[in-house]
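Chemist: Shown below is the structure under consideration.
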Amino acid sequence: MIEGWRWYGDFDRISLGEIAQTGASSIVTALHEVPYGEVWTRDVIATRRNQIQRAGFSWQVTESLPIHERIKRGDGDLTELFANYRQSMANLSDCGIKVICYNFMPLLDWTRTDLNAPVATGATCLRFSLPKMAAFDVYMVERPGAEKDFTPQDLAAAKVWIDQSTPESREVLTNAIMAGLPGAYERYDAPGLREALKPYEGMTHSDLRANYSRFLSEVIATAEELGLVFAVHPDDPPRDILGLPRIVSCADDIRWNLAAVDSPANGLTLCAGSLGANPANDVPAIAREFADKIHFAHLRNVRKDPDGSFEEAAHLEGDTDMVDLIRALLAEEKRRTTEGRKDCSIVFRPDHGHEMLGDAAKQTHPGYPLIGRLRGLCELRGVIAGQA
Ligand code: DNO
Ligand code: MN
């Protein structure tokens, strides 16, 4: 497996020189500065790639080539947006970047309710509390019909939280939830988010699936011609949120996604942490079932609570059997090697880490600390070496 490391380009307070000291060899990045829907030009991609290569790394995976919200909503004439997307694909391919990670979550990307939840070691982690999510949705966003999406127990716990909350704690919660909005978006307050949700009102799973399969039919044939592969990132958390449908949350969904346009270019980012947050998902089993379509892996762990909440555990300490998962990925690499394929190695990255040992001072994005991810990478490296 190839050790990857997410780097946010020149915005990142962690430099390529520092990343080199982790031992990772492949940078995972995107042109975060380009507004969604616009073309990633060949020149800008090549400049970024040269910068990465000069620092001694490869750039094999882009995370993400973002999909404009109008495509997710199936809104209006999408001809130009699809053409721009395909042009960015061609430019990436010209520059040798052949794996495209993306997600199809409407409006929000990853969602947490706490960015600094304490863990026993004294570090902090990202956490998702279902009662707090319910409190936000029902009492702060006041989304019409939100109560229907929660159990009586969730609602009772949400009421307790809101009654005890202060303006400050409500603001901390709002900021945590907004931290997962994709880069190009403004941050909303709770009433602002209620407005932002309006264009999605009434969108069903099957509407979103129709828009998703239209997207695939617009890009997968081009990907095949260019020798590119797509790797959809699962929903995080793997459930509907704020009334928005989610369609990449479990094995059944993935079966549907991969069959929607059946091609080696239509593949998966195996994000162990996202999938692992749903108790129904057996992550190593999912890795085995879809092994030949895994083009990229995010390795991290979660510890689930019975009420649907979860926290990001240390990489080898949560509910997912990471050793078994790595065994599945290594077996797939071996199979590819015996088939004589040239893309045998799967790039993985330590996906998130605990904030620890002074990480706060250098962290650009929640979940992406230097030392916390280094701890994760080293533990995973040990597991991989032990199985080689
Ligand atoms: C969160 C990440 C996601 C991921 C995108 C991929 O930390 O795993 O933001 O990059 O969903 O499109
Ligand atoms: Mn991930």
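Please note that chains go A, B, ... in the order of the structure tokens, that every chain numbers its residues from 1, and that ligands are numbered from 1 in the order shown.
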Can you list every residue of chain A that has an atom at most 8 Å from ligand 1, with its nearest atom pair and the distance in Å to one decimal, using only C-alpha atoms and all ligand atoms, ordered by chain then number, as CSV?
Modeler:
residue,atom,partner,partner_atom_place_in_ligand_line,distance
A:Glu63,CA,ligand 1,10 (O),5.8
A:Ser64,CA,ligand 1,12 (O),4.8
A:Leu65,CA,ligand 1,12 (O),7.5
A:Pro66,CA,ligand 1,12 (O),6.8
A:Cys101,CA,ligand 1,12 (O),5.7
A:Tyr102,CA,ligand 1,12 (O),3.7
A:Asn103,CA,ligand 1,12 (O),4.1
A:Phe104,CA,ligand 1,12 (O),7.6
A:Met105,CA,ligand 1,11 (O),7.7
A:Asp109,CA,ligand 1,11 (O),5.4
A:Trp110,CA,ligand 1,1 (C),5.6
A:Gly180,CA,ligand 1,9 (O),7.1
A:Pro182,CA,ligand 1,9 (O),7.2
A:Val232,CA,ligand 1,12 (O),7.2
A:His233,CA,ligand 1,6 (C),5.2
A:Pro234,CA,ligand 1,11 (O),7.3
A:Asp235,CA,ligand 1,11 (O),7.3
A:Asp236,CA,ligand 1,11 (O),7.4
A:Cys271,CA,ligand 1,8 (O),7.4
A:Ser274,CA,ligand 1,8 (O),7.8
A:His298,CA,ligand 1,8 (O),7.5
A:Asp351,CA,ligand 1,8 (O),6.6
A:His352,CA,ligand 1,7 (O),6.5
A:Pro366,CA,ligand 1,7 (O),8.0
A:Gly367,CA,ligand 1,7 (O),6.5
A:Tyr368,CA,ligand 1,7 (O),7.6
Chemist: Suppose we keep C-alpha atoms; can you now write the selection as a compact mmCIF listing (two decimals), in the first residue's frame?
Modeler:
# COMPACT_ATOMS: atom_id res chain seq x y z
CA GLU A 63 -9.43 14.67 -3.09
CA SER A 64 -11.79 16.03 -4.15
CA LEU A 65 -12.72 17.17 -7.63
CA PRO A 66 -15.90 18.69 -6.19
CA CYS A 101 -12.03 11.02 -4.99
CA TYR A 102 -15.37 12.83 -4.70
CA ASN A 103 -18.58 12.61 -2.75
CA PHE A 104 -22.24 12.99 -3.57
CA MET A 105 -23.51 14.39 -0.26
CA ASP A 109 -19.81 17.19 3.59
CA TRP A 110 -18.72 15.51 6.86
CA GLY A 180 -17.91 20.28 7.55
CA PRO A 182 -17.32 22.14 1.65
CA VAL A 232 -16.76 7.83 -4.40
CA HIS A 233 -16.33 8.76 -0.74
CA PRO A 234 -19.08 7.38 1.51
CA ASP A 235 -21.46 9.60 3.45
CA ASP A 236 -20.18 10.88 6.77
CA CYS A 271 -13.42 5.26 4.14
CA SER A 274 -17.41 6.94 7.59
CA HIS A 298 -9.13 6.29 4.24
CA ASP A 351 -7.93 9.86 7.72
CA HIS A 352 -8.07 12.26 10.66
CA PRO A 366 -10.38 20.02 12.19
CA GLY A 367 -9.35 16.37 12.10
CA TYR A 368 -6.08 17.04 10.27
Chemist: Residues within 6 Å of region 291-297 of chain A, please, as a VMD selection string. Count only C-alpha atoms; anything in the same chain fewer than 4 positions from it doesn't count.
Modeler: chain A and resid 231 267 to 271 287 346 to 348
Chemist: Any chance you could export the current selection's N, CA and C atoms as a compact mmCIF listing (two decimals), in the first residue's frame?
Modeler:
# COMPACT_ATOMS: atom_id res chain seq x y z
N ALA A 231 -13.49 7.41 -7.42
CA ALA A 231 -13.58 6.71 -6.14
C ALA A 231 -14.52 7.50 -5.24
N GLY A 267 -15.48 3.48 -9.13
CA GLY A 267 -15.05 2.78 -7.94
C GLY A 267 -15.31 3.54 -6.65
N LEU A 268 -14.62 3.07 -5.62
CA LEU A 268 -14.92 3.45 -4.25
C LEU A 268 -13.68 3.96 -3.51
N THR A 269 -13.89 4.96 -2.66
CA THR A 269 -12.92 5.28 -1.60
C THR A 269 -13.39 4.52 -0.38
N LEU A 270 -12.58 3.58 0.07
CA LEU A 270 -12.98 2.81 1.25
C LEU A 270 -12.66 3.68 2.45
N CYS A 271 -13.65 4.44 2.94
CA CYS A 271 -13.42 5.26 4.14
C CYS A 271 -13.93 4.48 5.33
N ALA A 287 -15.06 -4.15 2.41
CA ALA A 287 -13.80 -4.08 1.64
C ALA A 287 -13.63 -5.34 0.78
N ILE A 346 -2.65 0.29 -3.60
CA ILE A 346 -3.73 1.20 -3.22
C ILE A 346 -3.14 2.30 -2.34
N VAL A 347 -3.42 3.55 -2.72
CA VAL A 347 -3.00 4.66 -1.85
C VAL A 347 -3.97 4.72 -0.68
N PHE A 348 -3.44 4.84 0.53
CA PHE A 348 -4.30 5.09 1.69
C PHE A 348 -3.76 6.30 2.42
Chemist: Point out the residue among A:Glu312, A:Glu69, A:Glu332, A:Asp324 with the least atom-to-atom distance to ligand 2, counting only C-alpha atoms and all ligand atoms.
Modeler: A:Glu312
Chemist: Please identify all polymer residues within 8 Å of Pro106 (chain A), counting only C-alpha atoms, omitting same-chain residues fewer than 6 positions from it, and present them as number ranges by chain.
Modeler: A: 69, 72-73, 244-246
Chemist: Point out the residue among A:Ala251, A:Leu216, A:Ala259, A:Leu92 with the least atom-to-atom distance to Ile286 (chain A), counting only C-alpha atoms.
Modeler: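 The shortest atom-to-atom distance to Ile286 (chain A) comes from A:Ala251.
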Chemist: Excluding Tyr8 (chain A) and any residue of its chain fewer than 6 positions from it, enumerate the residues within 12 Å of it, using only C-alpha atoms, and give them as a PyMOL selection string.
Modeler: chain A and resi 14-16+19+27-33+48+52+62-64+183+363-365+368-369
Chemist: Calculated over only C-alpha atoms, which of the candidates A:Val138, A:Thr204, A:Phe215, A:Val61 has the smallest distance to Trp7 (chain A)?
Modeler: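 Smallest distance to Trp7 (chain A) is found for A:Val61.
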Chemist: Run DSSP on the backbone and tell me which residues of region 173-268 of chain A come out as strand (DSSP E or B); list them as an MDAnalysis selection string.
Modeler: chainID A and resid 229:233 241 244 266:268
Chemist: For Thr174 (chain A), find every residue with an atom within 8 Å (counting only C-alpha atoms), except residues of its own chain fewer than 5 positions away, and show them as a ChimeraX atom specification.
Modeler: /A:113,136,189-190
Chemist: Save out the residues we just selected, N, CA and C atoms, as a compact mmCIF listing (two decimals), in the first residue's frame.
Modeler:
# COMPACT_ATOMS: atom_id res chain seq x y z
N THR A 113 -20.59 17.21 15.76
CA THR A 113 -21.16 18.18 16.69
C THR A 113 -20.12 18.71 17.68
N PHE A 136 -29.94 20.72 17.42
CA PHE A 136 -29.63 21.72 16.38
C PHE A 136 -30.74 21.77 15.33
N ASP A 189 -25.37 30.69 9.97
CA ASP A 189 -25.90 30.50 11.31
C ASP A 189 -27.13 29.61 11.15
N ALA A 190 -27.79 29.26 12.27
CA ALA A 190 -28.89 28.29 12.14
C ALA A 190 -30.01 28.77 11.21
Chemist: Per DSSP on the backbone, filter region 81-230 of chain A down to the residues in helix (DSSP H, G or I) and report them as a PyMOL selection string.
Modeler: chain A and resi 81-94+130-141+146-149+152-164+167-178+190-200+205-226
Chemist: Could you save those same residues with C-alpha atoms as a short mmCIF file (atom, residue, chain, number, x, y, z; two decimals), in the first residue's frame?
Modeler:
data_model
loop_
_atom_site.label_atom_id
_atom_site.label_comp_id
_atom_site.auth_asym_id
_atom_site.auth_seq_id
_atom_site.Cartn_x
_atom_site.Cartn_y
_atom_site.Cartn_z
CA LEU A 81 -20.94 22.14 -15.60
CA PHE A 82 -20.48 18.64 -17.01
CA ALA A 83 -18.22 19.94 -19.79
CA ASN A 84 -16.08 21.80 -17.23
CA TYR A 85 -15.87 18.71 -15.07
CA ARG A 86 -14.69 16.59 -17.99
CA GLN A 87 -12.14 19.27 -18.91
CA SER A 88 -10.74 19.18 -15.38
CA MET A 89 -10.55 15.38 -15.66
CA ALA A 90 -8.61 15.63 -18.92
CA ASN A 91 -6.22 18.18 -17.40
CA LEU A 92 -5.63 16.01 -14.34
CA SER A 93 -5.00 13.02 -16.56
CA ASP A 94 -2.49 14.98 -18.67
CA LEU A 130 -27.11 12.41 17.87
CA PRO A 131 -28.93 14.27 20.68
CA LYS A 132 -26.98 17.44 19.88
CA MET A 133 -27.70 17.00 16.17
CA ALA A 134 -31.39 16.66 17.02
CA ALA A 135 -31.22 19.77 19.24
CA PHE A 136 -29.63 21.72 16.38
CA ASP A 137 -32.10 20.49 13.79
CA VAL A 138 -35.30 20.72 15.82
CA TYR A 139 -34.67 23.71 18.11
CA MET A 140 -32.06 25.84 16.36
CA VAL A 141 -32.60 25.38 12.62
CA ALA A 146 -37.48 17.62 11.75
CA GLU A 147 -39.04 15.82 14.76
CA LYS A 148 -40.12 12.99 12.46
CA ASP A 149 -36.49 12.06 11.81
CA PRO A 152 -38.66 9.96 21.21
CA GLN A 153 -35.46 9.21 23.15
CA ASP A 154 -33.37 11.42 20.80
CA LEU A 155 -35.92 14.19 21.14
CA ALA A 156 -35.99 13.93 24.93
CA ALA A 157 -32.18 14.10 25.06
CA ALA A 158 -32.23 17.01 22.60
CA LYS A 159 -34.63 18.88 24.86
CA VAL A 160 -32.37 18.34 27.86
CA TRP A 161 -29.41 19.68 25.89
CA ILE A 162 -31.22 22.74 24.58
CA ASP A 163 -32.61 23.59 28.02
CA GLN A 164 -29.12 23.51 29.48
CA PRO A 167 -25.75 31.26 23.63
CA GLU A 168 -22.05 30.30 23.71
CA SER A 169 -22.64 26.55 23.70
CA ARG A 170 -25.15 26.92 20.87
CA GLU A 171 -22.60 28.91 18.89
CA VAL A 172 -19.92 26.26 19.50
CA LEU A 173 -22.36 23.61 18.22
CA THR A 174 -23.22 25.67 15.12
CA ASN A 175 -19.55 26.21 14.32
CA ALA A 176 -18.79 22.51 14.70
CA ILE A 177 -21.55 21.57 12.27
CA MET A 178 -20.53 24.30 9.82
CA ALA A 190 -28.89 28.29 12.14
CA PRO A 191 -31.53 30.46 10.37
CA GLY A 192 -29.15 30.85 7.39
CA LEU A 193 -28.84 27.11 7.14
CA ARG A 194 -32.64 26.79 7.17
CA GLU A 195 -32.62 28.99 4.03
CA ALA A 196 -29.77 27.04 2.43
CA LEU A 197 -31.75 23.83 2.88
CA LYS A 198 -34.78 25.18 1.00
CA PRO A 199 -33.66 24.25 -2.54
CA TYR A 200 -33.36 20.65 -1.34
CA HIS A 205 -33.32 9.24 -2.22
CA SER A 206 -34.50 8.28 -5.66
CA ASP A 207 -34.22 11.87 -6.92
CA LEU A 208 -30.65 12.02 -5.66
CA ARG A 209 -29.90 8.60 -7.19
CA ALA A 210 -31.22 9.81 -10.53
CA ASN A 211 -28.93 12.86 -10.37
CA TYR A 212 -26.04 10.65 -9.33
CA SER A 213 -26.48 8.19 -12.15
CA ARG A 214 -26.76 11.09 -14.60
CA PHE A 215 -23.45 12.40 -13.28
CA LEU A 216 -21.85 8.97 -13.72
CA SER A 217 -23.14 8.63 -17.25
CA GLU A 218 -21.62 12.04 -18.05
CA VAL A 219 -18.14 11.24 -16.72
CA ILE A 220 -17.35 7.52 -16.57
CA ALA A 221 -16.92 6.93 -20.32
CA THR A 222 -14.52 9.89 -20.45
CA ALA A 223 -12.66 8.50 -17.41
CA GLU A 224 -12.21 5.20 -19.25
CA GLU A 225 -10.80 6.98 -22.29
CA LEU A 226 -8.42 9.01 -20.14
#
Chemist: Neighbours of Pro284 (chain A) within 12 Å (only C-alpha atoms; same-chain residues fewer than 5 positions away dropped), as a VMD selection string?
Modeler: chain A and resid 251 270 to 273 275 to 276 289 to 291 299 319 to 331
Chemist: If we count only C-alpha atoms and set the cut-off at 9 Å, which residues sit around Leu357 (chain A), ignoring sequence neighbours fewer than 4 positions away in its own chain? Please answer as a list in words.
Modeler: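 Counting only the stated atoms, we get Ala123, Ile371 and Gly372 of chain A.
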Chemist: Would you mind telling me which residue in A:Pro306, A:Gly318, A:Pro237, A:Gly376 lies nearest to ligand 2 when using only C-alpha atoms and all ligand atoms?
Modeler: A:Pro237
Chemist: Of the candidates A:Arg187, A:Arg239, A:Arg49, A:Arg143, which one gets nearest to Ser309 (chain A) if we count only C-alpha atoms?
Modeler: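 Closest to Ser309 (chain A), using only C-alpha atoms: A:Arg239.
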Chemist: I'd like the interatomic distance between CA of Arg349 (chain A) and CA of Glu3 (chain A), to a tenth of an Å.
Modeler: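 These atoms are spaced 6.0 Å apart.
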